[in-house]
Amino acid sequence: MNNKLRKIVLRAASAVMATLLFSSAFVFVPEKTPVSSLAADANVQKYENEIAALEQKQKELEALISKSQSEANQAAQEKAYLDNLIYVIETKQAAAEKLIEELKAKVAETEKVIAEREKQIDVTNEKFVERMRMAHENGNASYLEILLNADSISDFLSKMERVNAMLDYDKKLKTQYKEEKAALEQEKADLSASKELQEQTLLQLEEDKKTAEVQAAKAEKYYNTLQSDKAAYQAQYNRAKQEEQKLDAQLTAYLKSLQEQNSSQVTATGEFMWPLPLNKGYISCYFGGRDPNSAPHYALDIAIAYGTPIYGSNDGTVLKAEWHYSYGYYVLIDHGNGRSTLYAHCSSLNVGAGQQVAKGQVIGGVGSTGFSTGNHLHFEFRVNGVRQNPLNYVKKGL
């Protein structure tokens with residue numbers, strides 16, 4: 001290469017190198033860590049929203065209870081509010097437990113991602129250190145030397161492509177390092193936020209459990225207190241029986257209609273199971289017996305501890321899962337072939353209308369909601385809508 005051409009190439013190369021080296025210099029400026037993505041996690045957000053809505057409902061019911069306590073004639077209304085409050089608190093507990101499980105999984109996953117991310121950064125950092133060492137030993141002039149050693153314009157252009165590739169590698173390495181560091185900071189922020197929310201939720205869960213126990217005790221004492229006023233108790237009892245008879249007529253007609261239409265979504269097979277844990281509790285009132293007020297009783301009443309899980313007696317479709325003045329929270333399941341079961345006075349419900357359930361699935365918890373003098377399960381077995389003795393269809397589990 002002649003001297004004139006060499007000078008031209010030198011000036012061009014120097015300008016190009018200055019620009020490229022300036023733009024790809026290893027200047028690591030820490031990027032601002034983005035806002036934690038925990039808030040954008042769909043499952044976490046779903047449970048947080050559910051808990052917040054239930055918390056608002058809880059406050060509203062507590063205010064109504066306070067109001068009814070100041071009005072002598074609102075004792076029955078207070079019991080209804082207590083039923084609903086207990087249900088809301090227990091539903092909130094269930095949502096909190098699901099949130100905690102979600103957070104546990106997120107923490108474990110995030111810790112795994114952090115470990116992998118740190119390995120990636122170590123590899124990138126080793127490459128970075130190696131490039132820095134080479135740059136220190138050879139100096140940036142080594143790029144110029146590559147170009148100046150060109151034998152011709154075509155050789156110069158070829159070497160320029162090589163230099164560009166080297167500079168591009170350096171630039172990508174810098175970008176990769178910065179991105180990996182920012183991602184690591186984000187993952188650590190998410191991990192911290194998950195653990196903090198998990199701790200807060202656990203504290204709230206413990207507080208809600210204590211509140212539910214207190215409210216359940218109040219509700220249990222309600223009818224014992226009411227019995228001191230015989231006239232008031234009799235009035236409440238009469239209303240409860242009227243509401244129960246009305247519901248029975250509605251359910252009988254409804255279930256007969258379903259049978260005639262052959263509209264069952266699920267047809268259960270095999271034996272029907274006992275709806276509670278085996279060898280626990282006792283039958284406080286048999287089918288065909290008499291309740292404490294000597295009225296005929298068309299169900300099994302099984303006295304058992306508050307919150308005991310209630311199992312669906314067989315496969316089926318939930319027709320109703322709601323609150324009733326006498327039955328409190330109850331579940332009605334259609335098992336096909338005209339058979340259905342009903343579970344009343346629940347403290348909580350784990351299923352909703354239209355849902356298909358499997359034999360042995362937990363559908364709720366034992367309680368004393370509605371017109372009830374203590375924790376028990378009111379268990380009905382219906383054939384073509386008409387109540388039958390459950391012990392003729394379900395093997396006794398006591």
# chains A, B, ... in the order shown; residues from 1 in each chain; ligands from 1
call {"tool": "closest_atom_pairs", "arguments": {"of": "region 191-217 of chain A", "to": "region 110-122 of chain A", "cutoff": "10 Å", "atoms": "only C-alpha atoms", "output": "tab-separated table"}}
result
residue	atom	partner	partner_atom	distance
A:Leu191	CA	A:Thr110	CA	6.2
A:Ser192	CA	A:Thr110	CA	10.0
A:Ser194	CA	A:Thr110	CA	9.4
call {"tool": "write_last_selection", "arguments": {"atoms": "C-alpha atoms", "output": "PDB file, in the first residue's frame"}}
result
ATOM      1  CA  LEU A 191     -38.694 -12.678  45.938  1.00  0.00           C
ATOM      2  CA  SER A 192     -38.650 -10.079  48.691  1.00  0.00           C
ATOM      3  CA  SER A 194     -43.501 -12.469  47.741  1.00  0.00           C
TER       4      SER A 194
END
call {"tool": "residues_around", "arguments": {"residues": "Lys218 (chain A)", "least_positions_apart": "5", "cutoff": "10 Å", "atoms": "only C-alpha atoms", "output": "compact mmCIF listing (two decimals) with C-alpha atoms, in the first residue's frame"}}
result
# COMPACT_ATOMS: atom_id res chain seq x y z
CA LYS A 79 -78.00 -14.28 64.02
CA LEU A 82 -73.44 -13.63 62.23
CA ALA A 212 -64.24 -16.65 63.22
CA GLU A 213 -63.98 -18.65 66.45
CA TYR A 223 -80.48 -19.87 70.74
call {"tool": "closest_atom_pairs", "arguments": {"of": "region 338-372 of chain A", "to": "region 313-328 of chain A", "cutoff": "7 Å", "atoms": "only C-alpha atoms", "output": "CSV"}}
result
residue,atom,partner,partner_atom,distance
A:Ala344,CA,A:Tyr327,CA,5.3
A:His345,CA,A:Gly328,CA,4.8
A:Cys346,CA,A:Gly328,CA,6.8
A:Val351,CA,A:Ala321,CA,6.9
A:Gly352,CA,A:Ala321,CA,5.4
A:Ala353,CA,A:Lys320,CA,4.9
A:Gly354,CA,A:Val318,CA,5.3
A:Gln355,CA,A:Val318,CA,5.4
A:Gln356,CA,A:Thr317,CA,4.4
A:Val357,CA,A:Gly316,CA,5.5
A:Ala358,CA,A:Asp315,CA,4.3
A:Lys359,CA,A:Asn314,CA,3.9
A:Gly360,CA,A:Ser313,CA,6.2
A:Thr369,CA,A:Gly328,CA,4.4
A:Gly370,CA,A:Gly328,CA,3.5
A:Phe371,CA,A:Ser326,CA,4.7
call {"tool": "write_last_selection", "arguments": {"atoms": "C-alpha atoms", "output": "PDB file, in the first residue's frame"}}
result
ATOM      1  CA  ALA A 344     -77.465 -27.869  55.682  1.00  0.00           C
ATOM      2  CA  HIS A 345     -76.245 -25.526  58.465  1.00  0.00           C
ATOM      3  CA  CYS A 346     -72.775 -25.333  56.874  1.00  0.00           C
ATOM      4  CA  VAL A 351     -68.732 -25.375  45.777  1.00  0.00           C
ATOM      5  CA  GLY A 352     -71.119 -23.348  43.655  1.00  0.00           C
ATOM      6  CA  ALA A 353     -74.286 -24.000  41.649  1.00  0.00           C
ATOM      7  CA  GLY A 354     -73.600 -25.710  38.323  1.00  0.00           C
ATOM      8  CA  GLN A 355     -70.340 -27.259  39.494  1.00  0.00           C
ATOM      9  CA  GLN A 356     -69.726 -30.975  39.037  1.00  0.00           C
ATOM     10  CA  VAL A 357     -68.385 -32.718  42.135  1.00  0.00           C
ATOM     11  CA  ALA A 358     -66.795 -36.078  42.757  1.00  0.00           C
ATOM     12  CA  LYS A 359     -67.655 -38.592  45.441  1.00  0.00           C
ATOM     13  CA  GLY A 360     -65.726 -37.684  48.600  1.00  0.00           C
ATOM     14  CA  THR A 369     -75.933 -21.386  60.457  1.00  0.00           C
ATOM     15  CA  GLY A 370     -79.664 -20.777  60.061  1.00  0.00           C
ATOM     16  CA  PHE A 371     -82.053 -22.028  62.781  1.00  0.00           C
TER      17      PHE A 371
END
call {"tool": "select_by_dssp", "arguments": {"residues": "region 221-360 of chain A", "states": "strand (DSSP E or B)", "output": "MDAnalysis selection string"}}
result
chainID A and resid 272 282:285 290 296 300:303 309:311 316:324 328:336 339:349 356:357
call {"tool": "residues_around", "arguments": {"residues": "region 247-252 of chain A", "least_positions_apart": "3", "cutoff": "8 Å", "atoms": "only C-alpha atoms", "output": "list in words"}}
result
Glu243, Glu244, Leu255, Lys256, Asn384, Gly385 and Val386 of chain A
call {"tool": "write_last_selection", "arguments": {"atoms": "C-alpha atoms", "output": "PDB file, in the first residue's frame"}}
result
ATOM      1  CA  GLU A 243     -89.516 -21.380  55.828  1.00  0.00           C
ATOM      2  CA  GLU A 244     -88.326 -24.969  55.893  1.00  0.00           C
ATOM      3  CA  LEU A 255     -86.333 -32.031  41.623  1.00  0.00           C
ATOM      4  CA  LYS A 256     -89.391 -33.784  40.197  1.00  0.00           C
ATOM      5  CA  ASN A 384     -87.702 -37.834  42.941  1.00  0.00           C
ATOM      6  CA  GLY A 385     -87.692 -34.826  45.249  1.00  0.00           C
ATOM      7  CA  VAL A 386     -89.219 -36.609  48.249  1.00  0.00           C
TER       8      VAL A 386
END
call {"tool": "closest_residue", "arguments": {"among": "A:Tyr237, A:Glu101, A:Asn392, A:Val123", "to": "Ser294 (chain A)", "atoms": "only C-alpha atoms"}}
result
A:Tyr237
call {"tool": "closest_residue", "arguments": {"among": "A:Ala182, A:Ile333, A:Ala253, A:Leu377", "to": "Thr308 (chain A)", "atoms": "only C-alpha atoms"}}
result
A:Leu377
call {"tool": "residues_around", "arguments": {"residues": "Leu391 (chain A)", "least_positions_apart": "2", "cutoff": "12 Å", "atoms": "only C-alpha atoms", "output": "number ranges by chain"}}
result
A: 271-275, 283, 286-288, 298-301, 379-382, 387-389, 393-398
call {"tool": "atom_distance", "arguments": {"atom1": "CA of Tyr177 (chain A)", "atom2": "CA of Asn125 (chain A)"}}
result
7.2 Å
call {"tool": "residues_around", "arguments": {"residues": "Lys221 (chain A)", "least_positions_apart": "4", "cutoff": "8 Å", "atoms": "only C-alpha atoms", "output": "VMD selection string"}}
result
chain A and resid 217 225 373
call {"tool": "closest_residue", "arguments": {"among": "A:Gln186, A:Ser372, A:Gln259, A:Lys210", "to": "Ala240 (chain A)", "atoms": "only C-alpha atoms"}}
result
A:Ser372
call {"tool": "select_by_dssp", "arguments": {"residues": "region 176-391 of chain A", "states": "alpha helix (DSSP H)", "output": "number ranges by chain"}}
result
A: 176-226, 230-261
call {"tool": "closest_residue", "arguments": {"among": "A:Asn337, A:Asn43, A:Asn350, A:Asn49", "to": "Asn262 (chain A)", "atoms": "only C-alpha atoms"}}
result
A:Asn337
